[in-house]
file coords.pdb (PDB, C-alpha atoms)
ATOM      1  CA  MET F  19      75.104  11.992 -61.645
ATOM      2  CA  LYS F  20      77.204  12.191 -58.488
ATOM      3  CA  LYS F  21      75.658   8.964 -57.186
ATOM      4  CA  MET F  22      76.412   7.199 -60.456
ATOM      5  CA  ASN F  23      80.068   8.297 -60.274
ATOM      6  CA  GLN F  24      80.275   7.028 -56.705
ATOM      7  CA  CYS F  25      78.822   3.678 -57.765
ATOM      8  CA  LEU F  26      81.262   3.412 -60.662
ATOM      9  CA  LEU F  27      84.202   4.245 -58.392
ATOM     10  CA  LEU F  28      83.054   1.671 -55.839
ATOM     11  CA  ALA F  29      82.686  -0.971 -58.564
ATOM     12  CA  ALA F  30      86.166  -0.184 -59.917
ATOM     13  CA  CYS F  31      87.615  -0.464 -56.407
ATOM     14  CA  ALA F  32      85.896  -3.804 -55.821
ATOM     15  CA  LEU F  33      87.203  -5.059 -59.148
ATOM     16  CA  GLY F  34      90.710  -3.934 -58.202
ATOM     17  CA  VAL F  35      90.564  -5.753 -54.858
ATOM     18  CA  ALA F  36      89.244  -8.895 -56.557
ATOM     19  CA  THR F  37      92.044  -8.725 -59.115
ATOM     20  CA  LEU F  38      94.595  -8.221 -56.349
ATOM     21  CA  ALA F  39      93.249 -11.265 -54.512
ATOM     22  CA  LEU F  40      93.280 -13.428 -57.634
ATOM     23  CA  ASN F  41      96.834 -12.420 -58.493
ATOM     24  CA  ALA F  42      98.186 -12.975 -54.987
ATOM     25  CA  THR F  43     100.766 -15.722 -54.980
ATOM     26  CA  ALA F  44     102.009 -15.466 -51.417
ATOM     27  CA  ALA F  45     103.241 -18.739 -49.930
ATOM     28  CA  ASP F  46     101.286 -18.028 -46.753
ATOM     29  CA  THR F  47      97.649 -17.588 -47.772
ATOM     30  CA  ASN F  48      96.963 -15.759 -44.523
ATOM     31  CA  ALA F  49      99.602 -13.111 -45.223
ATOM     32  CA  PRO F  50      98.057  -9.662 -45.470
ATOM     33  CA  THR F  51      98.477  -7.778 -48.711
ATOM     34  CA  THR F  52      97.890  -4.108 -49.310
ATOM     35  CA  CYS F  53      95.893  -2.633 -52.143
ATOM     36  CA  SER F  54      97.793   0.098 -53.952
ATOM     37  CA  MET F  55      94.760   1.608 -55.665
ATOM     38  CA  SER F  56      94.005   5.163 -54.527
ATOM     39  CA  CYS F  57      90.340   4.366 -53.932
ATOM     40  CA  CYS F  58      91.229   1.759 -51.300
ATOM     41  CA  SER F  59      93.547   4.026 -49.272
ATOM     42  CA  GLY F  60      96.045   1.206 -48.749
ATOM     43  CA  MET F  61      93.355  -1.111 -47.403
ATOM     44  CA  SER F  62      94.761  -4.393 -46.117
ATOM     45  CA  THR F  63      93.250  -7.603 -47.471
ATOM     46  CA  THR F  64      93.916 -11.289 -46.997
ATOM     47  CA  ALA F  65      95.056 -13.134 -50.095
ATOM     48  CA  LEU F  66      92.568 -15.713 -51.297
ATOM     49  CA  ALA F  67      93.911 -19.217 -51.647
ATOM     50  CA  ASP F  68      93.907 -20.807 -55.073
ATOM     51  CA  ALA F  69      91.931 -24.042 -54.774
ATOM     52  CA  THR F  70      93.751 -25.431 -57.835
ATOM     53  CA  THR F  71      97.081 -25.685 -55.990
ATOM     54  CA  ASN F  72      98.580 -28.971 -54.834
ATOM     55  CA  ALA F  73      96.601 -28.870 -51.607
ATOM     56  CA  ILE F  74      95.634 -32.075 -49.845
ATOM     57  CA  PRO F  75      92.007 -32.679 -50.908
ATOM     58  CA  ASP F  76      89.218 -32.546 -48.339
ATOM     59  CA  LYS F  77      87.122 -35.687 -48.862
ATOM     60  CA  LEU F  78      84.599 -35.042 -46.088
ATOM     61  CA  ALA F  79      80.934 -35.030 -47.104
ATOM     62  CA  THR F  80      80.000 -32.864 -44.126
ATOM     63  CA  CYS F  81      81.143 -29.509 -42.777
ATOM     64  CA  PRO F  82      83.731 -30.113 -40.017
ATOM     65  CA  VAL F  83      82.429 -27.069 -38.124
ATOM     66  CA  SER F  84      78.633 -27.506 -38.202
ATOM     67  CA  GLY F  85      78.221 -31.117 -39.319
ATOM     68  CA  GLU F  86      75.913 -29.985 -42.158
ATOM     69  CA  LYS F  87      75.955 -31.999 -45.365
ATOM     70  CA  LEU F  88      78.068 -30.360 -48.069
ATOM     71  CA  ASN F  89      76.259 -29.569 -51.337
ATOM     72  CA  GLY F  90      72.986 -29.858 -49.461
ATOM     73  CA  ASP F  91      70.489 -27.142 -48.582
ATOM     74  CA  MET F  92      73.308 -24.632 -48.171
ATOM     75  CA  GLY F  93      74.403 -24.997 -51.805
ATOM     76  CA  ALA F  94      77.993 -25.351 -52.979
ATOM     77  CA  PRO F  95      80.569 -25.527 -50.178
ATOM     78  CA  PHE F  96      82.783 -22.594 -49.210
ATOM     79  CA  THR F  97      86.224 -23.905 -50.227
ATOM     80  CA  PHE F  98      89.676 -22.533 -49.380
ATOM     81  CA  VAL F  99      93.186 -23.789 -48.622
ATOM     82  CA  TYR F 100      94.687 -23.632 -45.140
ATOM     83  CA  GLN F 101      98.374 -24.545 -44.758
ATOM     84  CA  GLY F 102      98.297 -26.904 -47.741
ATOM     85  CA  GLN F 103      95.002 -28.552 -46.770
ATOM     86  CA  GLU F 104      91.845 -27.960 -48.800
ATOM     87  CA  ILE F 105      88.989 -27.042 -46.476
ATOM     88  CA  LYS F 106      85.304 -27.330 -47.405
ATOM     89  CA  LEU F 107      82.735 -25.681 -45.164
ATOM     90  CA  CYS F 108      78.967 -25.620 -45.622
ATOM     91  CA  CYS F 109      78.930 -21.808 -45.693
ATOM     92  CA  LYS F 110      81.107 -18.750 -45.293
ATOM     93  CA  SER F 111      79.722 -18.176 -41.777
ATOM     94  CA  CYS F 112      81.503 -21.324 -40.526
ATOM     95  CA  LYS F 113      84.853 -19.745 -41.472
ATOM     96  CA  LYS F 114      84.692 -17.568 -38.331
ATOM     97  CA  ASP F 115      84.509 -20.648 -36.098
ATOM     98  CA  PHE F 116      87.160 -22.411 -38.180
ATOM     99  CA  ASP F 117      89.520 -19.444 -37.720
ATOM    100  CA  LYS F 118      89.223 -19.681 -33.925
ATOM    101  CA  THR F 119      90.672 -23.234 -33.780
ATOM    102  CA  PRO F 120      91.801 -24.242 -37.295
ATOM    103  CA  ASP F 121      94.068 -27.085 -36.175
ATOM    104  CA  LYS F 122      91.117 -28.819 -34.499
ATOM    105  CA  TYR F 123      89.195 -28.907 -37.783
ATOM    106  CA  VAL F 124      92.201 -29.837 -39.931
ATOM    107  CA  LYS F 125      92.751 -32.854 -37.659
ATOM    108  CA  LEU F 126      89.108 -33.886 -38.119
ATOM    109  CA  ILE F 127      89.420 -33.611 -41.906
ATOM    110  CA  ARG F 128      92.685 -35.553 -42.085
ATOM    111  CA  ALA F 129      91.417 -38.275 -39.721
ATOM    112  CA  ALA F 130      88.288 -38.733 -41.821
ATOM    113  CA  ASP F 131      90.309 -38.779 -45.049
ATOM    114  CA  LYS F 132      92.500 -41.596 -43.678
ATOM    115  CA  LYS F 133      89.405 -43.706 -42.960
ATOM    116  CA  GLN F 134      88.214 -43.473 -46.566
TER     117      GLN F 134
END

call {"tool": "encode", "arguments": {"input": "coords.pdb", "output": "structure tokens"}}
result
Amino acid sequence: MKKMNQCLLLAACALGVATLALNATAADTNAPTTCSMSCCSGMSTTALADATTNAIPDKLATCPVSGEKLNGDMGAPFTFVYQGQEIKLCCKSCKKDFDKTPDKYVKLIRAADKKQ
């Protein structure tokens, strides 16, 4: 019974964090937000960007980080918005490399979009 209560509490916490992320409307999508639910102990999260905003669309057919084809073997692309630019990566793992030098990849995306 104790394990079931722990699982239910964990699920409720995850749902709360997901709701917090979906409701975040910060202008800077990288701005940290803090969960106010007691189960999270004030855990800091990063607001998820809403892909339906007026972001500049990413028209690349390949991942700017790995060069892998989008919608290929990796499945649907990992999509987010960075400083008003929609970014599509082949997988969530490429986000770590993107975060190291985001301007490099944004330039690649915008240069490719101008060619199309």

call {"tool": "atom_distance", "arguments": {"input": "coords.pdb", "atom1": "atom CA of F:Lys77", "atom2": "atom CA of F:Phe96"}}
result
13.8 Å

call {"tool": "atom_distance", "arguments": {"input": "coords.pdb", "atom1": "atom CA of F:Lys114", "atom2": "atom CA of F:Asn72"}}
result
24.4 Å

call {"tool": "atom_distance", "arguments": {"input": "coords.pdb", "atom1": "atom CA of F:Gln101", "atom2": "atom CA of F:Lys113"}}
result
14.7 Å

call {"tool": "resolve_selection", "arguments": {"input": "coords.pdb", "expression": "the PyMOL selection byres ((chain F and resi 95) around 12)", "output": "ChimeraX atom specification"}}
result
/F:76,78-82,86-94,96-98,104-113

call {"tool": "residues_around", "arguments": {"input": "coords.pdb", "residues": "F:Pro75", "least_positions_apart": "5", "cutoff": "12 Å", "atoms": "only C-alpha atoms", "output": "number ranges by chain"}}
result
F: 69-70, 97-100, 102-106, 124, 127-128, 130-132

call {"tool": "write_last_selection", "arguments": {"input": "coords.pdb", "atoms": "C-alpha atoms", "output": "mmCIF file, in the coordinates of the input"}}
result
data_model
loop_
_atom_site.group_PDB
_atom_site.id
_atom_site.type_symbol
_atom_site.label_atom_id
_atom_site.label_comp_id
_atom_site.auth_asym_id
_atom_site.auth_seq_id
_atom_site.Cartn_x
_atom_site.Cartn_y
_atom_site.Cartn_z
ATOM 1 C CA ALA F 69 91.931 -24.042 -54.774
ATOM 2 C CA THR F 70 93.751 -25.431 -57.835
ATOM 3 C CA THR F 97 86.224 -23.905 -50.227
ATOM 4 C CA PHE F 98 89.676 -22.533 -49.380
ATOM 5 C CA VAL F 99 93.186 -23.789 -48.622
ATOM 6 C CA TYR F 100 94.687 -23.632 -45.140
ATOM 7 C CA GLY F 102 98.297 -26.904 -47.741
ATOM 8 C CA GLN F 103 95.002 -28.552 -46.770
ATOM 9 C CA GLU F 104 91.845 -27.960 -48.800
ATOM 10 C CA ILE F 105 88.989 -27.042 -46.476
ATOM 11 C CA LYS F 106 85.304 -27.330 -47.405
ATOM 12 C CA VAL F 124 92.201 -29.837 -39.931
ATOM 13 C CA ILE F 127 89.420 -33.611 -41.906
ATOM 14 C CA ARG F 128 92.685 -35.553 -42.085
ATOM 15 C CA ALA F 130 88.288 -38.733 -41.821
ATOM 16 C CA ASP F 131 90.309 -38.779 -45.049
ATOM 17 C CA LYS F 132 92.500 -41.596 -43.678
#

call {"tool": "decode", "arguments": {"input": "coords.pdb", "residues": "stretch 98-116 of chain F", "atoms": "N, CA and C atoms", "output": "PDB file, in the first residue's frame"}}
result
ATOM      1  N   PHE F  98      11.349  22.576 -30.567  1.00  0.00           N
ATOM      2  CA  PHE F  98      11.219  23.596 -29.530  1.00  0.00           C
ATOM      3  C   PHE F  98      11.496  24.954 -30.155  1.00  0.00           C
ATOM      4  N   VAL F  99      11.302  26.018 -29.407  1.00  0.00           N
ATOM      5  CA  VAL F  99      11.547  27.368 -29.908  1.00  0.00           C
ATOM      6  C   VAL F  99      12.697  27.967 -29.113  1.00  0.00           C
ATOM      7  N   TYR F 100      13.659  28.523 -29.831  1.00  0.00           N
ATOM      8  CA  TYR F 100      14.797  29.200 -29.213  1.00  0.00           C
ATOM      9  C   TYR F 100      14.852  30.618 -29.752  1.00  0.00           C
ATOM     10  N   GLN F 101      14.668  31.595 -28.888  1.00  0.00           N
ATOM     11  CA  GLN F 101      14.719  33.017 -29.238  1.00  0.00           C
ATOM     12  C   GLN F 101      13.941  33.321 -30.517  1.00  0.00           C
ATOM     13  N   GLY F 102      12.708  32.832 -30.585  1.00  0.00           N
ATOM     14  CA  GLY F 102      11.839  33.133 -31.720  1.00  0.00           C
ATOM     15  C   GLY F 102      12.067  32.278 -32.956  1.00  0.00           C
ATOM     16  N   GLN F 103      12.985  31.340 -32.895  1.00  0.00           N
ATOM     17  CA  GLN F 103      13.279  30.455 -34.017  1.00  0.00           C
ATOM     18  C   GLN F 103      12.855  29.034 -33.652  1.00  0.00           C
ATOM     19  N   GLU F 104      12.003  28.426 -34.486  1.00  0.00           N
ATOM     20  CA  GLU F 104      11.662  27.026 -34.278  1.00  0.00           C
ATOM     21  C   GLU F 104      12.892  26.185 -34.582  1.00  0.00           C
ATOM     22  N   ILE F 105      13.169  25.221 -33.732  1.00  0.00           N
ATOM     23  CA  ILE F 105      14.313  24.337 -33.903  1.00  0.00           C
ATOM     24  C   ILE F 105      13.794  22.910 -33.959  1.00  0.00           C
ATOM     25  N   LYS F 106      14.230  22.156 -34.969  1.00  0.00           N
ATOM     26  CA  LYS F 106      13.883  20.736 -35.075  1.00  0.00           C
ATOM     27  C   LYS F 106      15.170  19.932 -35.049  1.00  0.00           C
ATOM     28  N   LEU F 107      15.245  19.027 -34.059  1.00  0.00           N
ATOM     29  CA  LEU F 107      16.393  18.143 -33.929  1.00  0.00           C
ATOM     30  C   LEU F 107      15.923  16.709 -34.117  1.00  0.00           C
ATOM     31  N   CYS F 108      16.823  15.831 -34.511  1.00  0.00           N
ATOM     32  CA  CYS F 108      16.429  14.438 -34.755  1.00  0.00           C
ATOM     33  C   CYS F 108      16.020  13.730 -33.475  1.00  0.00           C
ATOM     34  N   CYS F 109      16.584  14.158 -32.335  1.00  0.00           N
ATOM     35  CA  CYS F 109      16.257  13.504 -31.063  1.00  0.00           C
ATOM     36  C   CYS F 109      16.567  14.458 -29.907  1.00  0.00           C
ATOM     37  N   LYS F 110      16.074  14.112 -28.753  1.00  0.00           N
ATOM     38  CA  LYS F 110      16.283  14.940 -27.571  1.00  0.00           C
ATOM     39  C   LYS F 110      17.752  14.982 -27.158  1.00  0.00           C
ATOM     40  N   SER F 111      18.506  13.943 -27.484  1.00  0.00           N
ATOM     41  CA  SER F 111      19.932  13.893 -27.126  1.00  0.00           C
ATOM     42  C   SER F 111      20.727  15.015 -27.788  1.00  0.00           C
ATOM     43  N   CYS F 112      20.323  15.425 -28.994  1.00  0.00           N
ATOM     44  CA  CYS F 112      21.028  16.497 -29.708  1.00  0.00           C
ATOM     45  C   CYS F 112      20.843  17.855 -29.031  1.00  0.00           C
ATOM     46  N   LYS F 113      19.867  17.972 -28.151  1.00  0.00           N
ATOM     47  CA  LYS F 113      19.608  19.247 -27.464  1.00  0.00           C
ATOM     48  C   LYS F 113      20.803  19.642 -26.606  1.00  0.00           C
ATOM     49  N   LYS F 114      21.505  18.662 -26.031  1.00  0.00           N
ATOM     50  CA  LYS F 114      22.681  18.962 -25.204  1.00  0.00           C
ATOM     51  C   LYS F 114      23.751  19.659 -26.030  1.00  0.00           C
ATOM     52  N   ASP F 115      24.013  19.149 -27.229  1.00  0.00           N
ATOM     53  CA  ASP F 115      25.004  19.774 -28.111  1.00  0.00           C
ATOM     54  C   ASP F 115      24.505  21.124 -28.604  1.00  0.00           C
ATOM     55  N   PHE F 116      23.213  21.221 -28.903  1.00  0.00           N
ATOM     56  CA  PHE F 116      22.644  22.492 -29.340  1.00  0.00           C
ATOM     57  C   PHE F 116      22.848  23.549 -28.256  1.00  0.00           C
TER      58      PHE F 116
END
